[in-house]
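data_19.txt follows; it contains compact mmCIF, N, CA and C atoms.
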```
# COMPACT_ATOMS: atom_id res chain seq x y z
N MET B 100 42.51 67.22 124.88
CA MET B 100 43.76 67.88 124.56
C MET B 100 43.79 68.23 123.08
N GLU B 101 44.15 69.46 122.76
CA GLU B 101 44.25 69.90 121.38
C GLU B 101 45.44 69.22 120.70
N GLN B 102 45.22 68.74 119.48
CA GLN B 102 46.30 68.08 118.76
C GLN B 102 47.36 69.10 118.35
N LYS B 103 48.61 68.76 118.60
CA LYS B 103 49.74 69.61 118.25
C LYS B 103 50.40 69.08 116.99
N THR B 104 51.06 69.99 116.27
CA THR B 104 51.77 69.61 115.04
C THR B 104 53.23 69.96 115.21
N ILE B 105 54.10 69.03 114.80
CA ILE B 105 55.54 69.26 114.82
C ILE B 105 56.11 69.02 113.44
N CYS B 106 56.95 69.92 112.99
CA CYS B 106 57.72 69.74 111.75
C CYS B 106 59.11 69.29 112.17
N ILE B 107 59.53 68.12 111.71
CA ILE B 107 60.84 67.58 112.05
C ILE B 107 61.70 67.53 110.80
N ASP B 108 62.85 68.19 110.87
CA ASP B 108 63.80 68.15 109.77
C ASP B 108 64.32 66.72 109.61
N PHE B 109 64.62 66.34 108.38
CA PHE B 109 65.13 64.99 108.11
C PHE B 109 66.66 64.94 108.24
N ASP B 110 67.35 65.80 107.52
CA ASP B 110 68.82 65.80 107.50
C ASP B 110 69.37 66.34 108.81
N GLY B 111 70.07 65.48 109.56
CA GLY B 111 70.69 65.91 110.80
C GLY B 111 69.84 65.73 112.04
N VAL B 112 68.56 65.39 111.85
CA VAL B 112 67.67 65.17 113.00
C VAL B 112 67.17 63.72 113.00
N ILE B 113 66.78 63.23 111.84
CA ILE B 113 66.30 61.85 111.72
C ILE B 113 67.45 60.92 111.25
N HIS B 114 68.27 61.42 110.33
CA HIS B 114 69.41 60.61 109.87
C HIS B 114 70.69 61.44 109.94
N ASP B 115 71.82 60.73 110.04
CA ASP B 115 73.13 61.38 110.15
C ASP B 115 73.44 62.13 108.87
N TYR B 116 73.74 63.41 109.01
CA TYR B 116 74.03 64.28 107.88
C TYR B 116 75.42 64.90 108.02
N SER B 117 76.28 64.24 108.80
CA SER B 117 77.60 64.81 109.08
C SER B 117 78.48 64.88 107.84
N LYS B 118 78.18 64.09 106.81
CA LYS B 118 78.95 64.14 105.56
C LYS B 118 78.35 65.13 104.57
N GLY B 119 77.27 65.79 104.94
CA GLY B 119 76.62 66.73 104.04
C GLY B 119 75.86 66.03 102.93
N TRP B 120 75.50 66.80 101.93
CA TRP B 120 74.70 66.29 100.81
C TRP B 120 75.50 65.26 100.02
N GLN B 121 74.93 64.06 99.89
CA GLN B 121 75.57 62.98 99.13
C GLN B 121 74.74 62.57 97.92
N GLY B 122 73.56 63.12 97.79
CA GLY B 122 72.68 62.79 96.68
C GLY B 122 71.23 62.75 97.14
N GLU B 123 70.33 62.85 96.18
CA GLU B 123 68.90 62.93 96.48
C GLU B 123 68.40 61.79 97.35
N ASP B 124 68.80 60.59 97.02
CA ASP B 124 68.32 59.43 97.76
C ASP B 124 69.44 58.70 98.49
N VAL B 125 70.42 59.45 98.99
CA VAL B 125 71.51 58.89 99.79
C VAL B 125 71.31 59.37 101.21
N PHE B 126 71.15 58.42 102.12
CA PHE B 126 70.85 58.74 103.51
C PHE B 126 71.88 58.11 104.44
N GLY B 127 72.15 58.78 105.55
CA GLY B 127 73.04 58.25 106.57
C GLY B 127 72.29 57.30 107.49
N GLN B 128 72.97 56.91 108.56
CA GLN B 128 72.36 56.04 109.56
C GLN B 128 71.34 56.84 110.37
N ILE B 129 70.39 56.13 110.94
CA ILE B 129 69.39 56.77 111.78
C ILE B 129 70.06 57.42 112.99
N ILE B 130 69.61 58.60 113.36
CA ILE B 130 70.07 59.25 114.60
C ILE B 130 69.49 58.42 115.75
N PRO B 131 70.33 58.04 116.73
CA PRO B 131 69.83 57.21 117.83
C PRO B 131 68.56 57.78 118.46
N ASN B 132 67.58 56.91 118.62
CA ASN B 132 66.29 57.19 119.26
C ASN B 132 65.33 58.04 118.43
N ALA B 133 65.66 58.30 117.17
CA ALA B 133 64.71 59.04 116.32
C ALA B 133 63.41 58.24 116.16
N ASP B 134 63.53 56.93 116.07
CA ASP B 134 62.35 56.08 115.94
C ASP B 134 61.50 56.13 117.22
N THR B 135 62.14 55.99 118.36
CA THR B 135 61.44 56.04 119.64
C THR B 135 60.81 57.40 119.88
N GLY B 136 61.56 58.45 119.54
CA GLY B 136 61.05 59.81 119.73
C GLY B 136 59.81 60.09 118.92
N THR B 137 59.85 59.71 117.63
CA THR B 137 58.67 59.96 116.79
C THR B 137 57.49 59.08 117.22
N ALA B 138 57.78 57.86 117.63
CA ALA B 138 56.70 56.97 118.10
C ALA B 138 56.04 57.54 119.37
N THR B 139 56.85 58.11 120.25
CA THR B 139 56.32 58.70 121.48
C THR B 139 55.46 59.92 121.16
N LEU B 140 55.91 60.74 120.22
CA LEU B 140 55.09 61.89 119.82
C LEU B 140 53.75 61.42 119.26
N LYS B 141 53.77 60.43 118.38
CA LYS B 141 52.51 59.90 117.79
C LYS B 141 51.60 59.37 118.90
N LYS B 142 52.18 58.61 119.83
CA LYS B 142 51.40 58.03 120.93
C LYS B 142 50.72 59.13 121.76
N ASN B 143 51.37 60.28 121.83
CA ASN B 143 50.83 61.40 122.60
C ASN B 143 49.98 62.34 121.75
N GLY B 144 49.61 61.91 120.56
CA GLY B 144 48.65 62.65 119.76
C GLY B 144 49.19 63.73 118.83
N TRP B 145 50.49 63.78 118.64
CA TRP B 145 51.08 64.80 117.76
C TRP B 145 50.91 64.42 116.30
N THR B 146 50.69 65.42 115.46
CA THR B 146 50.78 65.25 114.02
C THR B 146 52.23 65.53 113.66
N ILE B 147 52.86 64.58 112.96
CA ILE B 147 54.28 64.70 112.63
C ILE B 147 54.45 64.93 111.14
N ILE B 148 55.12 66.03 110.83
CA ILE B 148 55.43 66.36 109.43
C ILE B 148 56.94 66.31 109.27
N ILE B 149 57.42 65.46 108.37
CA ILE B 149 58.83 65.47 108.02
C ILE B 149 59.00 66.66 107.09
N PHE B 150 59.76 67.64 107.55
CA PHE B 150 59.91 68.91 106.85
C PHE B 150 61.36 69.03 106.39
N THR B 151 61.58 68.82 105.10
CA THR B 151 62.92 68.71 104.57
C THR B 151 63.07 69.43 103.24
N THR B 152 64.29 69.81 102.92
CA THR B 152 64.55 70.40 101.61
C THR B 152 64.54 69.33 100.52
N ARG B 153 64.58 68.08 100.92
CA ARG B 153 64.54 66.97 99.96
C ARG B 153 63.13 66.83 99.38
N LYS B 154 63.07 66.33 98.17
CA LYS B 154 61.78 66.01 97.58
C LYS B 154 61.24 64.73 98.21
N LYS B 155 59.95 64.62 98.24
CA LYS B 155 59.31 63.40 98.72
C LYS B 155 59.47 62.34 97.64
N THR B 156 60.28 61.33 97.91
CA THR B 156 60.51 60.25 96.94
C THR B 156 60.13 58.91 97.56
N GLU B 157 59.99 57.90 96.73
CA GLU B 157 59.69 56.56 97.23
C GLU B 157 60.83 56.06 98.12
N LYS B 158 62.08 56.37 97.75
CA LYS B 158 63.22 55.93 98.56
C LYS B 158 63.22 56.59 99.93
N LEU B 159 62.84 57.85 99.99
CA LEU B 159 62.75 58.54 101.28
C LEU B 159 61.67 57.88 102.14
N GLU B 160 60.51 57.65 101.56
CA GLU B 160 59.41 57.01 102.30
C GLU B 160 59.81 55.61 102.76
N LYS B 161 60.51 54.89 101.91
CA LYS B 161 60.96 53.54 102.25
C LYS B 161 61.95 53.58 103.41
N TRP B 162 62.90 54.55 103.37
CA TRP B 162 63.89 54.68 104.44
C TRP B 162 63.18 54.96 105.77
N LEU B 163 62.21 55.87 105.76
CA LEU B 163 61.47 56.20 106.97
C LEU B 163 60.74 54.96 107.51
N GLU B 164 60.13 54.20 106.62
CA GLU B 164 59.41 52.99 107.03
C GLU B 164 60.37 51.94 107.58
N GLU B 165 61.48 51.69 106.87
CA GLU B 165 62.45 50.67 107.31
C GLU B 165 63.09 51.02 108.66
N ASN B 166 63.15 52.31 108.97
CA ASN B 166 63.76 52.74 110.22
C ASN B 166 62.72 53.08 111.29
N ASN B 167 61.48 52.69 111.04
CA ASN B 167 60.39 52.83 112.01
C ASN B 167 60.17 54.27 112.47
N ILE B 168 60.27 55.21 111.53
CA ILE B 168 60.03 56.61 111.84
C ILE B 168 58.53 56.87 111.68
N SER B 169 57.89 57.27 112.75
CA SER B 169 56.46 57.59 112.71
C SER B 169 56.28 58.99 112.14
N TYR B 170 55.35 59.13 111.21
CA TYR B 170 55.07 60.45 110.65
C TYR B 170 53.70 60.42 109.96
N ASP B 171 53.17 61.60 109.69
CA ASP B 171 51.88 61.71 109.02
C ASP B 171 52.02 62.24 107.59
N HIS B 172 52.94 63.18 107.41
CA HIS B 172 53.09 63.83 106.10
C HIS B 172 54.55 64.17 105.87
N ILE B 173 54.88 64.40 104.60
CA ILE B 173 56.21 64.88 104.22
C ILE B 173 56.02 66.18 103.45
N ASN B 174 56.61 67.24 103.97
CA ASN B 174 56.61 68.56 103.32
C ASN B 174 55.23 69.14 103.02
N GLU B 175 54.24 68.74 103.80
CA GLU B 175 52.91 69.33 103.62
C GLU B 175 52.12 69.23 104.91
N ASN B 176 51.21 70.19 105.07
CA ASN B 176 50.26 70.16 106.17
C ASN B 176 48.88 70.34 105.55
N PRO B 177 48.12 69.25 105.43
CA PRO B 177 46.79 69.35 104.83
C PRO B 177 45.86 70.33 105.55
N ASN B 178 46.19 70.68 106.79
CA ASN B 178 45.38 71.62 107.56
C ASN B 178 45.84 73.07 107.38
N GLN B 179 46.73 73.29 106.43
CA GLN B 179 47.26 74.62 106.15
C GLN B 179 46.12 75.53 105.67
N PRO B 180 46.03 76.74 106.21
CA PRO B 180 45.01 77.68 105.71
C PRO B 180 45.20 77.94 104.22
N GLU B 181 44.13 78.18 103.53
CA GLU B 181 44.13 78.32 102.07
C GLU B 181 45.09 79.38 101.54
N HIS B 182 45.19 80.51 102.20
CA HIS B 182 45.99 81.61 101.68
C HIS B 182 47.33 81.77 102.41
N ALA B 183 47.80 80.70 103.03
CA ALA B 183 49.08 80.76 103.74
C ALA B 183 50.24 80.70 102.75
N SER B 184 51.41 81.13 103.22
CA SER B 184 52.61 81.08 102.37
C SER B 184 53.11 79.64 102.29
N GLY B 185 54.31 79.45 101.79
CA GLY B 185 54.90 78.12 101.66
C GLY B 185 55.41 77.55 102.98
N LYS B 186 55.54 78.39 104.02
CA LYS B 186 56.00 77.88 105.31
C LYS B 186 54.89 77.05 105.94
N ILE B 187 55.22 75.83 106.28
CA ILE B 187 54.23 74.94 106.87
C ILE B 187 53.95 75.36 108.31
N ILE B 188 52.68 75.46 108.63
CA ILE B 188 52.27 75.86 109.97
C ILE B 188 52.41 74.67 110.92
N ALA B 189 53.06 74.93 112.06
CA ALA B 189 53.24 73.92 113.09
C ALA B 189 53.37 74.61 114.44
N ASP B 190 53.20 73.83 115.50
CA ASP B 190 53.40 74.35 116.85
C ASP B 190 54.87 74.35 117.22
N VAL B 191 55.61 73.37 116.68
CA VAL B 191 57.03 73.22 117.00
C VAL B 191 57.78 72.83 115.73
N TYR B 192 59.00 73.38 115.59
CA TYR B 192 59.89 73.02 114.48
C TYR B 192 61.16 72.45 115.10
N LEU B 193 61.50 71.21 114.76
CA LEU B 193 62.70 70.56 115.29
C LEU B 193 63.71 70.46 114.15
N ASP B 194 64.83 71.17 114.31
CA ASP B 194 65.81 71.28 113.23
C ASP B 194 67.21 71.36 113.81
N ASP B 195 68.17 70.68 113.19
CA ASP B 195 69.54 70.71 113.69
C ASP B 195 70.23 72.04 113.42
N ARG B 196 69.66 72.86 112.57
CA ARG B 196 70.27 74.15 112.25
C ARG B 196 69.38 75.32 112.68
N GLY B 197 68.46 75.05 113.55
CA GLY B 197 67.56 76.09 114.02
C GLY B 197 68.05 76.69 115.34
N ILE B 198 67.64 77.90 115.59
CA ILE B 198 67.95 78.58 116.84
C ILE B 198 66.63 79.07 117.42
N CYS B 199 66.42 78.81 118.68
CA CYS B 199 65.22 79.31 119.34
C CYS B 199 65.40 80.80 119.60
N PHE B 200 64.55 81.61 119.03
CA PHE B 200 64.64 83.05 119.20
C PHE B 200 64.12 83.44 120.58
N ARG B 201 64.96 84.07 121.35
CA ARG B 201 64.60 84.48 122.71
C ARG B 201 64.71 86.00 122.86
N GLY B 202 64.52 86.71 121.74
CA GLY B 202 64.52 88.17 121.78
C GLY B 202 65.85 88.81 121.43
N LEU B 203 66.91 88.02 121.27
CA LEU B 203 68.23 88.56 120.96
C LEU B 203 68.79 87.87 119.71
N MET B 204 69.47 88.63 118.88
CA MET B 204 70.06 88.08 117.66
C MET B 204 71.48 87.54 117.87
N ARG B 205 72.09 87.79 119.03
CA ARG B 205 73.50 87.44 119.21
C ARG B 205 73.78 85.93 119.15
N ASP B 206 72.80 85.07 119.42
CA ASP B 206 73.01 83.63 119.36
C ASP B 206 73.42 83.16 117.96
N ILE B 207 73.08 83.91 116.96
CA ILE B 207 73.38 83.53 115.58
C ILE B 207 74.89 83.56 115.32
N ILE B 208 75.60 84.48 115.93
CA ILE B 208 77.03 84.67 115.68
C ILE B 208 77.83 83.41 116.01
N GLU B 209 77.51 82.73 117.09
CA GLU B 209 78.28 81.56 117.51
C GLU B 209 77.59 80.24 117.17
N PHE B 210 76.58 80.28 116.32
CA PHE B 210 75.82 79.07 116.00
C PHE B 210 76.69 78.03 115.31
N GLU B 211 76.47 76.76 115.70
CA GLU B 211 77.16 75.63 115.11
C GLU B 211 76.20 74.43 115.19
N PRO B 212 75.95 73.72 114.07
CA PRO B 212 75.07 72.55 114.14
C PRO B 212 75.60 71.53 115.16
N TRP B 213 74.71 70.79 115.78
CA TRP B 213 75.09 69.89 116.87
C TRP B 213 76.12 68.87 116.46
N GLN B 214 76.06 68.34 115.22
CA GLN B 214 77.02 67.32 114.81
C GLN B 214 78.43 67.92 114.66
N GLU B 215 78.53 69.16 114.20
CA GLU B 215 79.83 69.81 114.10
C GLU B 215 80.37 70.12 115.50
N GLN B 216 79.49 70.53 116.39
CA GLN B 216 79.88 70.82 117.78
C GLN B 216 80.38 69.55 118.45
N GLN B 217 79.68 68.44 118.24
CA GLN B 217 80.07 67.16 118.83
C GLN B 217 81.42 66.71 118.28
N LYS B 218 81.64 66.86 116.98
CA LYS B 218 82.91 66.48 116.36
C LYS B 218 84.06 67.28 116.95
N ARG B 219 83.87 68.59 117.11
CA ARG B 219 84.89 69.46 117.68
C ARG B 219 85.20 69.05 119.12
N GLU B 220 84.17 68.74 119.90
CA GLU B 220 84.37 68.35 121.29
C GLU B 220 85.13 67.03 121.39
N ILE B 221 84.83 66.08 120.51
CA ILE B 221 85.54 64.79 120.50
C ILE B 221 87.01 65.00 120.12
N GLU B 222 87.26 65.85 119.13
CA GLU B 222 88.63 66.16 118.74
C GLU B 222 89.40 66.80 119.90
N GLN B 223 88.74 67.68 120.65
CA GLN B 223 89.38 68.31 121.80
C GLN B 223 89.72 67.28 122.88
N LEU B 224 88.81 66.33 123.11
CA LEU B 224 89.07 65.29 124.10
C LEU B 224 90.22 64.39 123.66
N ALA B 225 90.28 64.09 122.36
CA ALA B 225 91.31 63.21 121.84
C ALA B 225 92.71 63.81 122.00
N THR B 226 92.81 65.13 121.96
CA THR B 226 94.11 65.78 122.08
C THR B 226 94.35 66.35 123.47
N TYR B 227 93.45 66.11 124.39
CA TYR B 227 93.58 66.66 125.73
C TYR B 227 94.87 66.17 126.38
N GLY B 228 95.64 67.07 126.93
CA GLY B 228 96.87 66.73 127.62
C GLY B 228 98.06 66.60 126.69
N GLN B 229 97.83 66.67 125.38
CA GLN B 229 98.92 66.55 124.42
C GLN B 229 99.54 67.89 124.06
N THR B 230 98.91 68.95 124.49
CA THR B 230 99.45 70.27 124.18
C THR B 230 100.28 70.75 125.36
N GLU B 231 101.16 71.67 125.11
CA GLU B 231 102.01 72.21 126.17
C GLU B 231 101.22 73.12 127.10
N ASP B 232 100.06 73.53 126.65
CA ASP B 232 99.32 74.54 127.40
C ASP B 232 98.12 73.96 128.14
N ASP B 233 98.24 72.74 128.66
CA ASP B 233 97.10 72.25 129.43
C ASP B 233 97.20 72.76 130.86
N ILE B 234 96.06 72.89 131.49
CA ILE B 234 95.98 73.53 132.81
C ILE B 234 96.80 72.81 133.87
N TRP B 235 96.92 71.49 133.79
CA TRP B 235 97.64 70.74 134.83
C TRP B 235 99.13 71.04 134.75
N SER B 236 99.68 71.09 133.55
CA SER B 236 101.10 71.43 133.41
C SER B 236 101.37 72.84 133.89
N ARG B 237 100.52 73.75 133.49
CA ARG B 237 100.71 75.15 133.89
C ARG B 237 100.66 75.27 135.41
N GLY B 238 99.75 74.57 136.02
CA GLY B 238 99.63 74.65 137.48
C GLY B 238 100.86 74.10 138.17
N ASN B 239 101.37 72.96 137.72
CA ASN B 239 102.57 72.36 138.32
C ASN B 239 103.78 73.25 138.11
N GLU B 240 103.93 73.81 136.92
CA GLU B 240 105.08 74.68 136.65
C GLU B 240 105.09 75.87 137.59
N LYS B 241 103.96 76.47 137.81
CA LYS B 241 103.89 77.63 138.69
C LYS B 241 104.27 77.25 140.11
N ARG B 242 103.78 76.13 140.59
CA ARG B 242 104.10 75.70 141.95
C ARG B 242 105.58 75.37 142.08
N ILE B 243 106.13 74.69 141.07
CA ILE B 243 107.54 74.33 141.12
C ILE B 243 108.41 75.57 141.09
N LYS B 244 108.10 76.50 140.20
CA LYS B 244 108.89 77.73 140.09
C LYS B 244 108.82 78.53 141.38
N GLN B 245 107.65 78.60 141.97
CA GLN B 245 107.50 79.37 143.20
C GLN B 245 108.23 78.70 144.36
N ALA B 246 108.29 77.39 144.38
CA ALA B 246 108.95 76.66 145.47
C ALA B 246 110.45 76.87 145.44
N HIS B 247 111.05 77.10 144.28
CA HIS B 247 112.49 77.26 144.14
C HIS B 247 112.94 78.70 144.30
N VAL B 248 112.07 79.63 144.46
CA VAL B 248 112.44 81.05 144.55
C VAL B 248 113.06 81.38 145.88
```

Mind turning this structure into structure tokens?
Amino acid sequence: MEQKTICIDFDGVIHDYSKGWQGEDVFGQIIPNADTGTATLKKNGWTIIIFTTRKKTEKLEKWLEENNISYDHINENPNQPEHASGKIIADVYLDDRGICFRGLMRDIIEFEPWQEQQKREIEQLATYGQTEDDIWSRGNEKRIKQAHV
């Protein structure tokens, strides 16, 4: 089997980035199963590159080690062709702000990072039934009004 390479974003994929940028060496909690996921990729022969806008620092490397994140490189691919641009070559890019291009640009218009989408959905659930315009009230009102006609 040919070895595959994956570039995995750090912010929002490996650690919680819901508060946004807090500083160069300030990291959130590990995203659930990021450790298991990267370990499974390594076990299956993948080369893992942590691909982040952050600089490679000792604190970043320490955080990855303490949280059992399997990886081979940070922000580099030693197998990069000599005259390639700055974009790291990989078979797959895993990013919380990426969109899989399927031939249409319209997906960009409604794009929302997964953590923002999850927050919005939780807020909607928390207020469900508290508004005057929920479907159950509207349905009952229509039946009641029709029954009295």

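Compared by their closest atoms to Glu123 of chain B, and using all atoms listed in the file, the residues B:Lys186, B:Lys154, B:Arg219, B:Asn174 rank with B:Lys154 nearest.
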
*Quick one: pull the distance between atom CA of Pro180 of chain B and atom CA of Lys142 of chain B, Å, one decimal.*
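Computed distance, atom CA of Pro180 of chain B to atom CA of Lys142 of chain B, equals 25.7 Å.
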
_segment 133-200 of chain B: residues DSSP assigns to helix (DSSP H, G or I), reported as a VMD selection string_ = chain B and resid 133 to 142 157 to 165

_Distance cut-off 6.5 Å, centre (74.5, 61.9, 104.9) in file coordinates, counting only N, CA and C atoms: which residues qualify? Return them as a ChimeraX atom specification._
/B:114-121,125-128

*Long-range neighbours of segment 143-147 of chain B as a list in words, 8 Å cut-off, all atoms listed in the file, 2 positions minimum in chain*: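 The filter keeps Glu101, Gln102, Lys103, Thr104, Ile105, Cys106, Ile107, Thr137, Ala138, Thr139, Leu140, Lys141, Ile149, Phe150, Ser169, Tyr170, Asp171, His172, Ile173, Asn174 and Glu175 of chain B.
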
*strand (DSSP E) residues, from DSSP on the backbone, in chain B, as JSON, numbers by chain*: {"B": [104, 105, 106, 107, 146, 147, 148, 149, 172, 173, 191, 192, 193]}

*Compile the contact shell of segment 207-216 of chain B as a ChimeraX atom specification: residues with an atom at most 8 Å away, counting only C-alpha atoms, same-chain residues fewer than 2 positions apart removed.*
/B:111,117,195-196,198,204-205,218-220

*When you draw a straight line from atom N of Asp124 of chain B to atom C of Asp108 of chain B, how long is it in Å?*
14.7 Å

_As an exercise, work out the distance from atom N of Asp110 of chain B to atom N of Ile129 of chain B in Å and give it to one decimal place._
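One can read the atom N of Asp110 of chain B to atom N of Ile129 of chain B distance as 10.7 Å.
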
*asked:* Show me, as a ChimeraX atom specification, the residues that have an atom within 6 Å of Ile113 of chain B when counting only C-alpha atoms, minus same-chain residues fewer than 3 positions from it.
replied: /B:109,129-130,133

Write the residues of the selection above to a file with N, CA and C atoms, as a PDB file, keeping the file's coordinate frame.
```pdb
ATOM      1  N   PHE B 109      64.620  66.340 108.380  1.00  0.00           N
ATOM      2  CA  PHE B 109      65.130  64.990 108.110  1.00  0.00           C
ATOM      3  C   PHE B 109      66.660  64.940 108.240  1.00  0.00           C
ATOM      4  N   ILE B 129      70.390  56.130 110.940  1.00  0.00           N
ATOM      5  CA  ILE B 129      69.390  56.770 111.780  1.00  0.00           C
ATOM      6  C   ILE B 129      70.060  57.420 112.990  1.00  0.00           C
ATOM      7  N   ILE B 130      69.610  58.600 113.360  1.00  0.00           N
ATOM      8  CA  ILE B 130      70.070  59.250 114.600  1.00  0.00           C
ATOM      9  C   ILE B 130      69.490  58.420 115.750  1.00  0.00           C
ATOM     10  N   ALA B 133      65.660  58.300 117.170  1.00  0.00           N
ATOM     11  CA  ALA B 133      64.710  59.040 116.320  1.00  0.00           C
ATOM     12  C   ALA B 133      63.410  58.240 116.160  1.00  0.00           C
TER      13      ALA B 133
END
```

*Which is closer to Asn167 of chain B than all the others in B:Thr151, B:Thr135, B:Gln217, B:Gln179, using all atoms listed in the file?*
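Answer, going by the shortest atom-to-atom distance: B:Thr135.
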